>>> print(open('query25.txt').read())   # compact mmCIF, C-alpha atoms and all ligand atoms
# COMPACT_ATOMS: atom_id res chain seq x y z
CA MET A 18 -32.31 2.84 -9.28
CA ALA A 19 -31.60 6.51 -8.56
CA ARG A 20 -28.40 7.82 -10.13
CA ALA A 21 -26.69 10.61 -8.18
CA LEU A 22 -25.73 13.43 -10.56
CA SER A 23 -24.29 16.30 -8.52
CA LEU A 24 -24.03 17.71 -5.02
CA LEU A 25 -26.10 20.61 -3.74
CA HIS A 26 -23.55 22.84 -2.08
CA GLY A 27 -22.87 26.42 -1.11
CA ASP A 28 -20.78 28.49 1.27
CA ASP A 29 -22.20 26.54 4.21
CA GLY A 30 -21.20 23.15 2.78
CA VAL A 31 -23.08 20.23 1.21
CA HIS A 32 -26.82 20.02 1.79
CA GLY A 33 -28.09 17.37 -0.60
CA LEU A 34 -27.75 16.03 -4.10
CA ASN A 35 -29.42 15.95 -7.48
CA VAL A 36 -30.51 12.51 -8.62
CA ARG A 37 -32.15 11.03 -11.70
CA TYR A 38 -34.95 8.65 -10.79
CA GLU A 39 -37.40 7.05 -13.24
CA GLY A 40 -36.25 9.46 -15.96
CA LYS A 41 -36.73 12.59 -13.86
CA THR A 42 -34.12 14.77 -12.21
CA ARG A 43 -34.92 15.85 -8.68
CA ALA A 44 -33.15 17.47 -5.74
CA LEU A 45 -32.84 15.57 -2.47
CA ARG A 46 -32.07 17.80 0.49
CA CYS A 47 -30.36 16.42 3.58
CA LYS A 48 -27.95 17.46 6.32
CA ALA A 49 -25.09 15.15 5.32
CA VAL A 50 -24.08 13.08 2.30
CA VAL A 51 -21.88 9.94 2.38
CA LEU A 52 -20.27 9.19 -0.99
CA ALA A 53 -19.61 5.47 -1.56
CA ALA A 54 -20.03 5.17 -5.34
CA GLY A 55 -16.79 3.31 -6.13
CA GLY A 56 -13.77 4.35 -8.17
CA PHE A 57 -13.53 5.10 -11.91
CA GLU A 58 -12.60 1.59 -13.07
CA SER A 59 -15.70 1.32 -15.29
CA ASN A 60 -15.02 4.57 -17.15
CA PRO A 61 -12.74 3.89 -20.16
CA GLU A 62 -12.16 7.60 -20.78
CA TRP A 63 -10.97 8.29 -17.21
CA ARG A 64 -8.95 5.05 -17.19
CA THR A 65 -7.04 6.19 -20.26
CA ARG A 66 -6.66 9.72 -18.91
CA TYR A 67 -5.31 8.73 -15.50
CA LEU A 68 -3.95 5.15 -15.73
CA GLY A 69 -2.52 5.65 -19.21
CA PRO A 70 -2.72 4.39 -22.81
CA GLY A 71 -4.09 0.88 -23.20
CA TRP A 72 -6.28 1.00 -20.10
CA ASP A 73 -9.31 1.88 -22.25
CA LEU A 74 -9.33 -1.79 -23.29
CA ALA A 75 -9.04 -3.42 -19.87
CA LYS A 76 -11.90 -5.67 -18.83
CA VAL A 77 -13.82 -4.61 -15.72
CA ARG A 78 -14.16 -7.30 -13.04
CA GLY A 79 -17.14 -5.74 -11.28
CA THR A 80 -20.07 -3.41 -11.87
CA ARG A 81 -20.41 -1.22 -14.96
CA PHE A 82 -21.67 1.65 -12.78
CA ASN A 83 -18.45 2.69 -11.02
CA THR A 84 -17.63 5.44 -13.49
CA GLY A 85 -16.15 7.93 -11.03
CA ASP A 86 -19.39 9.87 -10.46
CA GLY A 87 -18.84 10.19 -6.71
CA ILE A 88 -15.30 11.48 -7.20
CA ARG A 89 -16.38 13.90 -9.95
CA MET A 90 -19.26 15.31 -7.89
CA ALA A 91 -16.96 15.96 -4.95
CA LEU A 92 -14.20 17.53 -7.11
CA ASP A 93 -16.82 19.80 -8.71
CA ALA A 94 -17.79 20.95 -5.22
CA GLY A 95 -14.16 21.79 -4.35
CA ALA A 96 -12.84 18.50 -2.89
CA ALA A 97 -9.12 17.68 -3.05
CA PRO A 98 -7.85 14.73 -5.08
CA CYS A 99 -5.48 12.41 -3.21
CA GLY A 100 -3.35 9.31 -3.68
CA ASN A 101 -2.12 7.18 -6.58
CA TRP A 102 -4.34 8.38 -9.45
CA SER A 103 -2.28 6.46 -12.02
CA GLY A 104 -2.52 3.20 -10.04
CA CYS A 105 -5.11 0.48 -9.71
CA HIS A 106 -5.83 -3.07 -8.60
CA ALA A 107 -5.84 -5.30 -11.69
CA VAL A 108 -5.46 -9.05 -12.14
CA GLY A 109 -5.02 -11.76 -14.75
CA TRP A 110 -8.56 -12.32 -16.09
CA ASP A 111 -9.83 -14.68 -18.79
CA ARG A 112 -8.99 -13.27 -22.23
CA ASN A 113 -12.54 -13.92 -23.44
CA ALA A 114 -14.38 -12.63 -20.38
CA PRO A 115 -17.07 -10.00 -21.06
CA GLU A 116 -16.46 -6.24 -20.83
CA PHE A 117 -17.91 -6.05 -17.29
CA GLY A 118 -18.35 -8.53 -14.45
CA ASP A 119 -20.86 -11.37 -14.76
CA LEU A 120 -22.57 -12.08 -11.44
CA ALA A 121 -23.18 -15.70 -12.49
CA VAL A 122 -19.42 -16.27 -12.84
CA GLY A 123 -18.20 -13.86 -10.14
CA ASP A 124 -14.50 -14.24 -9.41
CA GLY A 125 -14.25 -17.24 -11.74
CA PHE A 126 -12.59 -15.35 -14.61
CA GLN A 127 -9.51 -14.60 -12.48
CA LYS A 128 -6.53 -16.93 -12.88
CA HIS A 129 -4.28 -16.71 -9.85
CA SER A 130 -2.20 -19.90 -9.82
CA TYR A 131 0.60 -18.55 -12.05
CA PRO A 132 3.20 -18.99 -9.25
CA PHE A 133 3.11 -22.72 -10.08
CA GLY A 134 3.63 -22.26 -13.83
CA ILE A 135 4.99 -19.73 -16.30
CA MET A 136 3.44 -17.00 -18.44
CA LEU A 137 4.24 -16.34 -22.11
CA ASN A 138 3.34 -13.24 -24.11
CA ALA A 139 2.60 -12.91 -27.84
CA ASN A 140 6.34 -12.91 -28.61
CA GLY A 141 6.58 -16.32 -26.92
CA GLU A 142 8.62 -14.79 -24.09
CA ARG A 143 8.33 -14.76 -20.32
CA PHE A 144 7.95 -11.20 -19.02
CA VAL A 145 7.56 -11.33 -15.22
CA ASP A 146 8.83 -13.34 -12.24
CA GLU A 147 5.78 -15.56 -11.70
CA GLY A 148 7.25 -16.80 -8.41
CA ALA A 149 8.40 -13.48 -6.95
CA ASP A 150 6.13 -13.96 -3.93
CA PHE A 151 2.93 -15.65 -2.78
CA ARG A 152 -0.06 -14.94 -5.00
CA ASN A 153 -1.58 -12.60 -2.41
CA TYR A 154 1.32 -10.15 -2.82
CA THR A 155 1.56 -10.13 -6.62
CA TYR A 156 -1.87 -10.82 -8.15
CA ALA A 157 -3.18 -7.26 -7.86
CA LYS A 158 -0.23 -5.76 -9.75
CA TYR A 159 0.31 -8.44 -12.41
CA GLY A 160 -2.87 -7.44 -14.29
CA ALA A 161 -1.09 -4.21 -15.25
CA VAL A 162 2.00 -6.16 -16.31
CA ILE A 163 -0.15 -8.32 -18.61
CA LEU A 164 -1.84 -5.20 -20.03
CA ARG A 165 1.59 -3.86 -21.04
CA GLN A 166 2.35 -6.96 -23.18
CA PRO A 167 1.83 -6.93 -26.98
CA GLY A 168 -1.88 -7.47 -27.61
CA GLN A 169 -2.53 -7.18 -23.83
CA PHE A 170 -2.65 -10.93 -23.18
CA ALA A 171 -0.63 -13.88 -21.91
CA TRP A 172 -0.85 -17.66 -21.67
CA GLN A 173 -0.34 -19.35 -18.30
CA ILE A 174 1.24 -22.80 -18.71
CA PHE A 175 1.27 -25.72 -16.24
CA ASP A 176 2.09 -29.40 -16.38
CA LYS A 177 0.25 -32.32 -14.80
CA LYS A 178 2.40 -32.28 -11.65
CA VAL A 179 0.74 -29.09 -10.41
CA THR A 180 -2.79 -29.21 -11.82
CA HIS A 181 -4.11 -30.43 -8.45
CA LEU A 182 -2.77 -27.16 -6.97
CA LEU A 183 -4.71 -24.93 -9.39
CA ARG A 184 -7.44 -22.85 -7.80
CA ASP A 185 -11.13 -23.61 -8.44
CA GLU A 186 -11.36 -20.80 -11.02
CA TYR A 187 -9.36 -23.00 -13.45
CA ARG A 188 -12.21 -25.50 -13.54
CA ILE A 189 -15.12 -23.25 -14.55
CA ARG A 190 -17.00 -23.85 -17.79
CA GLN A 191 -16.26 -20.37 -19.22
CA VAL A 192 -12.50 -20.83 -19.48
CA THR A 193 -10.08 -20.22 -22.37
CA LYS A 194 -7.92 -23.33 -22.15
CA VAL A 195 -5.89 -25.65 -24.38
CA THR A 196 -4.17 -28.92 -23.54
CA ALA A 197 -1.36 -30.78 -25.32
CA ASN A 198 0.92 -33.77 -24.86
CA THR A 199 4.13 -32.24 -26.24
CA PHE A 200 5.69 -28.77 -26.32
CA VAL A 201 5.45 -28.73 -30.13
CA GLU A 202 1.74 -29.49 -30.00
CA LEU A 203 1.25 -26.95 -27.20
CA VAL A 204 2.92 -23.96 -28.90
CA GLY A 205 0.82 -24.62 -32.00
CA LYS A 206 -2.32 -24.21 -29.92
CA LEU A 207 -1.42 -20.93 -28.17
CA ASP A 208 -3.49 -18.41 -30.16
CA ASP A 209 -1.56 -15.33 -31.34
CA VAL A 210 1.79 -16.51 -29.92
CA ASN A 211 5.07 -16.86 -31.87
CA PRO A 212 5.41 -20.69 -31.76
CA ALA A 213 9.13 -20.95 -32.51
CA LYS A 214 10.07 -18.46 -29.81
CA ALA A 215 7.62 -20.06 -27.35
CA LEU A 216 9.28 -23.44 -27.88
CA GLU A 217 12.70 -21.90 -27.30
CA THR A 218 11.46 -20.19 -24.10
CA LEU A 219 9.94 -23.39 -22.69
CA ARG A 220 13.18 -25.32 -23.26
CA ALA A 221 15.37 -22.52 -21.87
CA TYR A 222 13.16 -22.29 -18.79
CA ASN A 223 13.45 -26.03 -18.07
CA ALA A 224 17.22 -25.91 -18.55
CA ALA A 225 17.62 -23.04 -16.07
CA ILE A 226 15.89 -24.62 -13.04
CA ARG A 227 17.79 -25.44 -9.85
CA THR A 228 16.37 -28.98 -9.59
CA ASP A 229 18.57 -29.65 -6.56
CA ILE A 230 16.20 -27.48 -4.48
CA ALA A 231 12.95 -29.19 -3.36
CA PHE A 232 9.60 -27.82 -4.50
CA ASN A 233 7.31 -26.77 -1.63
CA PRO A 234 4.15 -24.79 -2.45
CA ASN A 235 3.60 -23.84 1.21
CA VAL A 236 6.73 -21.73 1.66
CA LYS A 237 8.83 -19.50 -0.58
CA ASP A 238 10.97 -22.50 -1.47
CA GLY A 239 13.74 -20.75 -3.38
CA ARG A 240 13.50 -23.34 -6.13
CA ARG A 241 14.52 -20.95 -8.85
CA THR A 242 15.93 -20.44 -12.28
CA GLU A 243 19.44 -19.22 -12.90
CA GLY A 244 20.77 -17.36 -15.90
CA LEU A 245 17.48 -16.24 -17.47
CA ALA A 246 16.85 -12.59 -18.36
CA VAL A 247 13.53 -12.87 -16.48
CA PRO A 248 14.09 -15.08 -13.40
CA LYS A 249 11.57 -17.21 -11.60
CA SER A 250 12.44 -16.98 -7.88
CA ASN A 251 10.28 -19.69 -6.29
CA TRP A 252 8.25 -22.76 -7.29
CA ALA A 253 10.17 -23.22 -10.56
CA ASN A 254 8.99 -26.68 -11.55
CA LEU A 255 10.16 -28.50 -14.61
CA LEU A 256 7.51 -28.53 -17.32
CA ASP A 257 8.01 -32.20 -18.18
CA THR A 258 4.84 -34.13 -17.37
CA PRO A 259 2.00 -34.03 -19.91
CA PRO A 260 -0.70 -33.21 -20.43
CA TYR A 261 0.29 -29.56 -20.44
CA GLU A 262 -2.48 -27.04 -19.76
CA ALA A 263 -2.49 -23.42 -20.92
CA TYR A 264 -4.94 -20.65 -20.00
CA ALA A 265 -5.30 -17.32 -21.86
CA VAL A 266 -5.57 -14.21 -19.71
CA SER A 267 -5.79 -10.48 -20.22
CA CYS A 268 -6.10 -7.66 -17.70
CA GLY A 269 -9.15 -7.32 -15.44
CA ILE A 270 -9.33 -4.09 -13.45
CA THR A 271 -10.86 -4.29 -9.97
CA PHE A 272 -10.73 -0.72 -8.72
CA THR A 273 -8.72 2.48 -8.99
CA PHE A 274 -6.42 3.80 -6.24
CA GLY A 275 -6.84 7.58 -6.70
CA GLY A 276 -9.72 9.41 -5.07
CA LEU A 277 -10.73 11.95 -2.46
CA ARG A 278 -8.78 13.22 0.54
CA ILE A 279 -10.57 12.60 3.85
CA THR A 280 -9.99 13.28 7.55
CA THR A 281 -9.80 10.51 10.17
CA ASP A 282 -13.57 11.09 10.63
CA ALA A 283 -14.02 10.24 6.91
CA GLN A 284 -14.99 13.84 6.16
CA VAL A 285 -13.98 15.03 2.68
CA VAL A 286 -11.26 17.70 2.59
CA ASP A 287 -11.29 20.58 0.10
CA THR A 288 -8.40 21.99 -1.95
CA ASP A 289 -7.75 24.57 0.82
CA GLY A 290 -7.19 21.69 3.26
CA MET A 291 -10.45 22.34 5.14
CA ALA A 292 -13.01 19.65 6.04
CA MET A 293 -16.14 20.15 3.90
CA PRO A 294 -19.28 20.49 6.07
CA GLY A 295 -21.84 17.79 5.30
CA LEU A 296 -19.66 15.62 3.01
CA TYR A 297 -18.24 12.20 3.94
CA ALA A 298 -16.75 9.35 1.91
CA ALA A 299 -15.94 5.64 2.14
CA GLY A 300 -14.71 2.77 -0.01
CA GLU A 301 -12.92 2.81 -3.33
CA LEU A 302 -13.40 6.53 -3.91
CA ILE A 303 -11.07 7.40 -1.02
CA GLY A 304 -7.56 8.17 -2.23
CA GLY A 305 -4.36 7.62 -0.28
CA LEU A 306 -4.92 4.04 0.91
CA PHE A 307 -3.14 2.01 -1.79
CA TYR A 308 0.01 2.77 -3.76
CA PHE A 309 1.47 0.55 -6.54
CA ASN A 310 0.15 -2.69 -4.99
CA TYR A 311 -2.49 -4.12 -2.69
CA PRO A 312 -2.53 -6.84 -0.01
CA GLY A 313 -5.42 -9.29 -0.53
CA GLY A 314 -8.64 -8.69 1.44
CA THR A 315 -8.13 -5.03 2.24
CA GLY A 316 -10.71 -3.60 -0.20
CA LEU A 317 -13.69 -4.91 1.73
CA MET A 318 -11.93 -4.15 5.02
CA SER A 319 -11.42 -0.53 3.98
CA GLY A 320 -15.07 -0.25 2.90
CA ALA A 321 -16.28 -1.67 6.22
CA VAL A 322 -13.99 0.46 8.39
CA PHE A 323 -14.44 3.77 6.61
CA GLY A 324 -18.10 3.04 5.90
CA ARG A 325 -18.76 2.78 9.61
CA ILE A 326 -16.72 5.87 10.40
CA ALA A 327 -18.35 7.90 7.61
CA GLY A 328 -21.85 6.83 8.64
CA SER A 329 -21.26 7.62 12.31
CA SER A 330 -19.69 10.98 11.49
CA ALA A 331 -22.53 11.91 9.11
CA GLY A 332 -25.09 10.90 11.75
CA ARG A 333 -23.43 13.00 14.42
CA ALA A 334 -23.15 15.99 12.08
CA SER A 335 -26.84 15.71 11.10
CA LYS A 336 -27.95 15.61 14.72
CA ALA A 337 -25.87 18.65 15.57
CA ALA A 338 -27.08 20.67 12.56
C1 LIG B 401 -14.72 -9.48 -8.82
C2 LIG B 401 -14.25 -8.79 -7.57
C3 LIG B 401 -13.70 -9.52 -6.54
C4 LIG B 401 -13.26 -8.90 -5.38
N1 LIG B 401 -12.75 -9.65 -4.37
C5 LIG B 401 -12.40 -9.06 -3.20
C6 LIG B 401 -11.96 -9.83 -2.10
O1 LIG B 401 -11.87 -11.05 -2.19
N2 LIG B 401 -11.62 -9.18 -0.96
C7 LIG B 401 -11.69 -7.82 -0.83
O2 LIG B 401 -11.38 -7.26 0.22
N3 LIG B 401 -12.10 -7.05 -1.88
C8 LIG B 401 -12.47 -7.64 -3.03
N4 LIG B 401 -12.90 -6.89 -4.09
C9 LIG B 401 -12.90 -5.42 -3.93
C10 LIG B 401 -14.11 -4.97 -3.13
O3 LIG B 401 -15.25 -5.69 -3.52
C11 LIG B 401 -14.34 -3.49 -3.38
O4 LIG B 401 -13.15 -2.78 -3.13
C12 LIG B 401 -15.47 -2.97 -2.48
O5 LIG B 401 -16.67 -3.64 -2.74
C13 LIG B 401 -15.65 -1.49 -2.75
O6 LIG B 401 -16.76 -1.01 -2.03
P1 LIG B 401 -17.40 0.38 -2.45
O7 LIG B 401 -18.57 0.56 -1.53
O8 LIG B 401 -16.37 1.44 -2.49
O9 LIG B 401 -17.87 0.19 -3.95
P2 LIG B 401 -18.94 -0.84 -4.56
O10 LIG B 401 -19.16 -2.01 -3.66
O11 LIG B 401 -18.50 -1.10 -5.96
O12 LIG B 401 -20.29 0.01 -4.55
C14 LIG B 401 -20.41 1.21 -5.30
C15 LIG B 401 -21.87 1.35 -5.67
O13 LIG B 401 -22.11 2.66 -6.14
C16 LIG B 401 -23.02 2.60 -7.20
N5 LIG B 401 -22.91 3.85 -7.99
C17 LIG B 401 -21.89 4.25 -8.79
N6 LIG B 401 -22.15 5.46 -9.31
C18 LIG B 401 -23.36 5.83 -8.82
C19 LIG B 401 -24.19 7.00 -8.98
N7 LIG B 401 -23.83 8.05 -9.75
N8 LIG B 401 -25.38 7.05 -8.30
C20 LIG B 401 -25.78 6.00 -7.51
N9 LIG B 401 -25.04 4.89 -7.32
C21 LIG B 401 -23.85 4.82 -7.97
C22 LIG B 401 -22.65 1.35 -7.96
O14 LIG B 401 -23.77 0.89 -8.72
C23 LIG B 401 -22.30 0.42 -6.80
O15 LIG B 401 -23.43 -0.31 -6.38
C24 LIG B 401 -13.36 -7.49 -5.25
C25 LIG B 401 -13.92 -6.73 -6.29
C26 LIG B 401 -14.36 -7.37 -7.44
C27 LIG B 401 -14.97 -6.54 -8.54
>>> encode(input="query25.txt", output="structure tokens")
Amino acid sequence: MARALSLLHGDDGVHGLNVRYEGKTRALRCKAVVLAAGGFESNPEWRTRYLGPGWDLAKVRGTRFNTGDGIRMALDAGAAPCGNWSGCHAVGWDRNAPEFGDLAVGDGFQKHSYPFGIMLNANGERFVDEGADFRNYTYAKYGAVILRQPGQFAWQIFDKKVTHLLRDEYRIRQVTKVTANTFVELVGKLDDVNPAKALETLRAYNAAIRTDIAFNPNVKDGRRTEGLAVPKSNWANLLDTPPYEAYAVSCGITFTFGGLRITTDAQVVDTDGMAMPGLYAAGELIGGLFYFNYPGGTGLMSGAVFGRIAGSSAGRASKAA
């Protein structure tokens, strides 16, 4: 693999890049460069610097190579930063998953069925509305919420009534899971959790549910809790049918939201607001697409759309040069 190190650039724009290949650094000259080297999610130093304290310890869901090189190279050449540099896509991810993604497991470490259960932190407390919306509208921001909990982890808890609704990722071999037949047995098995407080939380949750409203996983059913400091707005099922299942999760970062400013032709813009001749960008390293949250499926869509635009623009620019 050739690692891109820096851009060759001058007053007339970008005309190639320096790469390291088989241990040797060499210059590759060309008429246009398309940067598509991902965000900085795999760089613990940049994560801490831009996302904030604690992000150094997040697990990375994907490749170890997306360390912000493409962004850094462009900034060094005068490109403008853009977008939500302190934001990212991050999900609930098995607490014992490795530091970076494992291609053999793929998405399997994610745990996205929390709308049908509850989550407890180390204090034995709920900390987020698990049923605020469908999974597709909350999963990408709840990783950050888990990271902010003491010890950066949580346990997701379900009872037998909903286990048939759990996504396939709950049935992989590499899962951190405990089962129990009573609440007392369960709280004793939740590693690193205050058991007395957890027991209190489970009982208070059950007591707060509007059982007069029917459960329906296919719509936002409004079956909710009332009177809790942290409400659950939909799909609030009684935890009353053993065996209970609990899954330990921490935060898995997918990609970062901050990046480079581009034109509608996917050409990188400099800090004077001018399009940089010969430099184009696509994918995660574009800033300004996502703020605070992310609707499912749009990462690959953005890569495909801006990848095509960037490639076409770079081709046209090369022909004209
Ligand atoms: C586990 C997981 C599940 C996902 N699921 C979905 C999903 O269901 N739907 C969806 O839309 N999106 C999903 N995404 C997000 C989506 O995959 C990414 O947003 C998309 O692949 C980003 O494309 P990209 O080209 O910007 O970066 P990438 O596909 O990450 O490619 C960047 C490439 O650049 C290389 N690179 C980095 N630095 C250098 C360098 N200095 N020199 C040379 N090469 C370098 C890296 O090795 C990498 O191959 C998922 C991501 C992960 C990690």
>>> atom_distance(input="query25.txt", atom1="CA of Glu147 in chain A", atom2="CA of Phe133 in chain A")
7.8 Å
>>> residues_near_point(input="query25.txt", point="(-15.6, 21.1, 3.8)", cutoff="10 Å", atoms="only C-alpha atoms", output="count of residues only")
22
>>> closest_residue(input="query25.txt", among="A:Thr271, A:Ser329, A:Ser59, A:Thr196", to="ligand LIG 401 (chain B)", atoms="all atoms listed in the file")
A:Thr271
>>> closest_residue(input="query25.txt", among="A:His181, A:Arg81, A:Arg152, A:Arg333", to="Asn251 in chain A", atoms="all atoms listed in the file")
A:Arg152
>>> closest_residue(input="query25.txt", among="A:Ala75, A:Cys268, A:Cys105, A:Ala213", to="Gln127 in chain A", atoms="all atoms listed in the file")
A:Cys268
>>> closest_residue(input="query25.txt", among="A:Phe232, A:Tyr264, A:Phe57, A:Phe82", to="ligand LIG 401 (chain B)", atoms="only C-alpha atoms and all ligand atoms")
A:Phe82
>>> residues_around(input="query25.txt", residues="Gln173 in chain A", least_positions_apart="6", cutoff="7 Å", atoms="all atoms listed in the file", output="list in words")
Tyr131, Gly134, Ile135, Met136, Leu137, Ala263, Tyr264 and Ala265 of chain A
>>> atom_distance(input="query25.txt", atom1="CA of Ala338 in chain A", atom2="CA of Ala91 in chain A")
20.8 Å
>>> residues_around(input="query25.txt", residues="Thr242 in chain A", least_positions_apart="5", cutoff="6 Å", atoms="only C-alpha atoms", output="PyMOL selection string")
chain A and resi 225-227+248-249
>>> atom_distance(input="query25.txt", atom1="CA of Lys237 in chain A", atom2="CA of Tyr156 in chain A")
15.7 Å
>>> residues_near_ligand(input="query25.txt", ligand="ligand LIG 401 (chain B)", cutoff="7 Å", atoms="all atoms listed in the file", output="ChimeraX atom specification")
/A:19-22,53-56,78-80,82-87,118,123-124,271-272,299-302,313-318,320
>>> closest_residue(input="query25.txt", among="A:Gln166, A:Thr280, A:Asp257, A:Ser130", to="Arg184 in chain A", atoms="only C-alpha atoms")
A:Ser130
>>> closest_residue(input="query25.txt", among="A:Ala221, A:Ala121, A:Cys99, A:Ala197", to="Val247 in chain A", atoms="all atoms listed in the file")
A:Ala221
>>> residues_near_point(input="query25.txt", point="(0.6, -8.8, -17.9)", cutoff="8 Å", atoms="only C-alpha atoms", output="ChimeraX atom specification")
/A:109,144-145,159-166,169-171,267-268
>>> residues_around(input="query25.txt", residues="Lys206 in chain A", least_positions_apart="5", cutoff="12 Å", atoms="only C-alpha atoms", output="list in words")
Trp172, Ile174, Thr193, Lys194, Val195, Thr196, Ala197, Asn198, Thr199, Phe200, Val201, Asn211, Pro212, Ala215, Leu216, Tyr261, Glu262, Ala263, Tyr264 and Ala265 of chain A
>>> residues_around(input="query25.txt", residues="Gly100 in chain A", least_positions_apart="4", cutoff="9 Å", atoms="all atoms listed in the file", output="NGL selection string")
:A and (104 or 274-278 or 303-308)
>>> decode(input="query25.txt", residues="range 96-120 of chain A", atoms="C-alpha atoms", output="compact mmCIF listing (two decimals), in the first residue's frame")
# COMPACT_ATOMS: atom_id res chain seq x y z
CA ALA A 96 -7.63 24.51 2.50
CA ALA A 97 -10.46 25.79 4.71
CA PRO A 98 -11.87 23.66 7.52
CA CYS A 99 -15.66 23.36 7.55
CA GLY A 100 -18.52 21.86 9.53
CA ASN A 101 -19.01 20.22 12.92
CA TRP A 102 -15.41 19.48 13.98
CA SER A 103 -16.50 18.53 17.50
CA GLY A 104 -19.14 16.08 16.22
CA CYS A 105 -19.08 12.52 14.99
CA HIS A 106 -21.11 9.41 14.21
CA ALA A 107 -20.74 7.00 17.14
CA VAL A 108 -22.81 4.02 18.28
CA GLY A 109 -23.24 1.53 21.10
CA TRP A 110 -20.51 -1.07 20.45
CA ASP A 111 -19.57 -4.19 22.41
CA ARG A 112 -17.60 -3.23 25.51
CA ASN A 113 -14.97 -5.89 24.77
CA ALA A 114 -14.62 -5.23 21.04
CA PRO A 115 -11.06 -4.63 19.80
CA GLU A 116 -9.53 -1.16 19.36
CA PHE A 117 -10.28 -1.13 15.61
CA GLY A 118 -12.80 -2.87 13.37
CA ASP A 119 -12.53 -6.61 12.74
CA LEU A 120 -13.48 -7.50 9.17
